[in-house]
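Visitor: First, the structure itself, so that you have it in front of you.
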Amino acid sequence: MPVTTRGFTLVTYVATLDVPRHVMDHLSRLPAARQRRIGTPRGSRALGPLRQTVLVLRWFAGGGDVGGAGPRADRTPPC
């Protein structure tokens, strides 16, 4: 169900990935470390590191299609 907050409509979805938790933890540390390195303020990204990792893994698992997620729902990687 879409939720409207601060003028934006947010749509939530559930993705089940066949990925071990320790792999998710490791992969989510990569964007977190990069965000710290370039000085991204906390909370300024639309997705946190874990959700960003889920989106990327879902993109790869779906052959480049996450069901129209994001403004450019073509076969271009989300990052």
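Residues are referred to by chain and number: the chain letter is A, B, ... according to the order shown in the structure tokens, the number counts from 1 in that chain, and ligands are numbered separately from 1 in the order shown.
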Mind checking which residues fall within 8 Å of A:Arg29, counting only C-alpha atoms, ignoring those fewer than 4 positions away in the same chain, and posting them as a ChimeraX atom specification?

Guide: /A:25,33,49

Visitor: Compile the contact shell of A:Arg51 as a PyMOL selection string: residues with an atom at most 12 Å away, counting only C-alpha atoms, same-chain residues fewer than 3 positions apart removed.

Guide: chain A and resi 12-15+24-25+27-29+31-32+45-48+54-58

Visitor: Would you mind exporting the chosen residues as a PDB file, in the first residue's frame, restricted to N, CA, C and O atoms?

Guide:
```pdb
ATOM      1  N   THR A  12       6.200   0.190  -0.770  1.00  0.00           N
ATOM      2  CA  THR A  12       7.022  -0.858  -0.174  1.00  0.00           C
ATOM      3  C   THR A  12       6.754  -2.172  -0.896  1.00  0.00           C
ATOM      4  O   THR A  12       5.662  -2.404  -1.410  1.00  0.00           O
ATOM      5  N   TYR A  13       7.778  -3.009  -0.952  1.00  0.00           N
ATOM      6  CA  TYR A  13       7.606  -4.337  -1.526  1.00  0.00           C
ATOM      7  C   TYR A  13       8.520  -5.286  -0.785  1.00  0.00           C
ATOM      8  O   TYR A  13       9.468  -4.873  -0.121  1.00  0.00           O
ATOM      9  N   VAL A  14       8.223  -6.557  -0.893  1.00  0.00           N
ATOM     10  CA  VAL A  14       8.989  -7.583  -0.214  1.00  0.00           C
ATOM     11  C   VAL A  14       9.794  -8.351  -1.251  1.00  0.00           C
ATOM     12  O   VAL A  14       9.275  -8.730  -2.299  1.00  0.00           O
ATOM     13  N   ALA A  15      11.064  -8.553  -0.963  1.00  0.00           N
ATOM     14  CA  ALA A  15      11.924  -9.350  -1.841  1.00  0.00           C
ATOM     15  C   ALA A  15      12.564 -10.448  -1.004  1.00  0.00           C
ATOM     16  O   ALA A  15      13.112 -10.183   0.063  1.00  0.00           O
ATOM     17  N   MET A  24      25.044 -10.765   3.112  1.00  0.00           N
ATOM     18  CA  MET A  24      24.317  -9.492   3.114  1.00  0.00           C
ATOM     19  C   MET A  24      25.005  -8.477   4.020  1.00  0.00           C
ATOM     20  O   MET A  24      25.137  -7.305   3.662  1.00  0.00           O
ATOM     21  N   ASP A  25      25.453  -8.928   5.182  1.00  0.00           N
ATOM     22  CA  ASP A  25      26.145  -8.026   6.103  1.00  0.00           C
ATOM     23  C   ASP A  25      27.416  -7.471   5.466  1.00  0.00           C
ATOM     24  O   ASP A  25      27.692  -6.273   5.540  1.00  0.00           O
ATOM     25  N   LEU A  27      28.192  -7.303   2.168  1.00  0.00           N
ATOM     26  CA  LEU A  27      27.891  -6.459   1.016  1.00  0.00           C
ATOM     27  C   LEU A  27      27.308  -5.110   1.424  1.00  0.00           C
ATOM     28  O   LEU A  27      27.564  -4.096   0.773  1.00  0.00           O
ATOM     29  N   SER A  28      26.530  -5.071   2.499  1.00  0.00           N
ATOM     30  CA  SER A  28      25.940  -3.801   2.922  1.00  0.00           C
ATOM     31  C   SER A  28      26.979  -2.881   3.560  1.00  0.00           C
ATOM     32  O   SER A  28      26.781  -1.664   3.613  1.00  0.00           O
ATOM     33  N   ARG A  29      28.104  -3.443   4.019  1.00  0.00           N
ATOM     34  CA  ARG A  29      29.173  -2.601   4.561  1.00  0.00           C
ATOM     35  C   ARG A  29      29.889  -1.812   3.460  1.00  0.00           C
ATOM     36  O   ARG A  29      30.462  -0.763   3.726  1.00  0.00           O
ATOM     37  N   PRO A  31      28.639  -0.140   0.572  1.00  0.00           N
ATOM     38  CA  PRO A  31      28.118   1.219   0.356  1.00  0.00           C
ATOM     39  C   PRO A  31      28.200   2.082   1.609  1.00  0.00           C
ATOM     40  O   PRO A  31      28.390   3.290   1.519  1.00  0.00           O
ATOM     41  N   ALA A  32      28.087   1.472   2.790  1.00  0.00           N
ATOM     42  CA  ALA A  32      28.195   2.239   4.035  1.00  0.00           C
ATOM     43  C   ALA A  32      29.589   2.850   4.159  1.00  0.00           C
ATOM     44  O   ALA A  32      29.734   4.032   4.508  1.00  0.00           O
ATOM     45  N   ARG A  45      20.344   9.684   2.255  1.00  0.00           N
ATOM     46  CA  ARG A  45      20.079   8.783   1.128  1.00  0.00           C
ATOM     47  C   ARG A  45      18.662   8.247   1.218  1.00  0.00           C
ATOM     48  O   ARG A  45      18.122   8.046   2.300  1.00  0.00           O
ATOM     49  N   ALA A  46      18.056   7.989   0.048  1.00  0.00           N
ATOM     50  CA  ALA A  46      16.703   7.420   0.016  1.00  0.00           C
ATOM     51  C   ALA A  46      16.702   6.010   0.595  1.00  0.00           C
ATOM     52  O   ALA A  46      15.740   5.600   1.246  1.00  0.00           O
ATOM     53  N   LEU A  47      17.779   5.272   0.353  1.00  0.00           N
ATOM     54  CA  LEU A  47      17.905   3.916   0.880  1.00  0.00           C
ATOM     55  C   LEU A  47      19.147   3.823   1.747  1.00  0.00           C
ATOM     56  O   LEU A  47      20.201   4.359   1.393  1.00  0.00           O
ATOM     57  N   GLY A  48      19.017   3.119   2.856  1.00  0.00           N
ATOM     58  CA  GLY A  48      20.179   2.839   3.677  1.00  0.00           C
ATOM     59  C   GLY A  48      21.018   1.756   3.015  1.00  0.00           C
ATOM     60  O   GLY A  48      20.613   1.150   2.012  1.00  0.00           O
ATOM     61  N   VAL A  54      19.947  -4.884  -0.956  1.00  0.00           N
ATOM     62  CA  VAL A  54      18.822  -5.726  -1.371  1.00  0.00           C
ATOM     63  C   VAL A  54      18.363  -5.340  -2.776  1.00  0.00           C
ATOM     64  O   VAL A  54      18.128  -6.208  -3.625  1.00  0.00           O
ATOM     65  N   LEU A  55      18.269  -4.045  -3.058  1.00  0.00           N
ATOM     66  CA  LEU A  55      17.847  -3.591  -4.377  1.00  0.00           C
ATOM     67  C   LEU A  55      18.817  -4.065  -5.459  1.00  0.00           C
ATOM     68  O   LEU A  55      18.401  -4.570  -6.496  1.00  0.00           O
ATOM     69  N   VAL A  56      20.109  -3.924  -5.214  1.00  0.00           N
ATOM     70  CA  VAL A  56      21.106  -4.343  -6.212  1.00  0.00           C
ATOM     71  C   VAL A  56      21.065  -5.852  -6.416  1.00  0.00           C
ATOM     72  O   VAL A  56      21.068  -6.332  -7.556  1.00  0.00           O
ATOM     73  N   LEU A  57      21.001  -6.624  -5.335  1.00  0.00           N
ATOM     74  CA  LEU A  57      20.943  -8.085  -5.469  1.00  0.00           C
ATOM     75  C   LEU A  57      19.656  -8.514  -6.168  1.00  0.00           C
ATOM     76  O   LEU A  57      19.664  -9.431  -6.987  1.00  0.00           O
ATOM     77  N   ARG A  58      18.563  -7.844  -5.863  1.00  0.00           N
ATOM     78  CA  ARG A  58      17.293  -8.150  -6.525  1.00  0.00           C
ATOM     79  C   ARG A  58      17.389  -7.826  -8.013  1.00  0.00           C
ATOM     80  O   ARG A  58      16.867  -8.536  -8.849  1.00  0.00           O
TER      81      ARG A  58
END
```

Visitor: Provide the atom CA of A:Arg34 to atom CA of A:Phe60 distance in Å, to one decimal place.

Guide: 20.7 Å

Visitor: How many Å separate atom CA of A:Arg36 from atom CA of A:Gly7?

Guide: 28.0 Å

Visitor: One number please: atom CA of A:Gly63 to atom CA of A:Leu30, in Å, one decimal.

Guide: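 It comes out at 22.0 Å.
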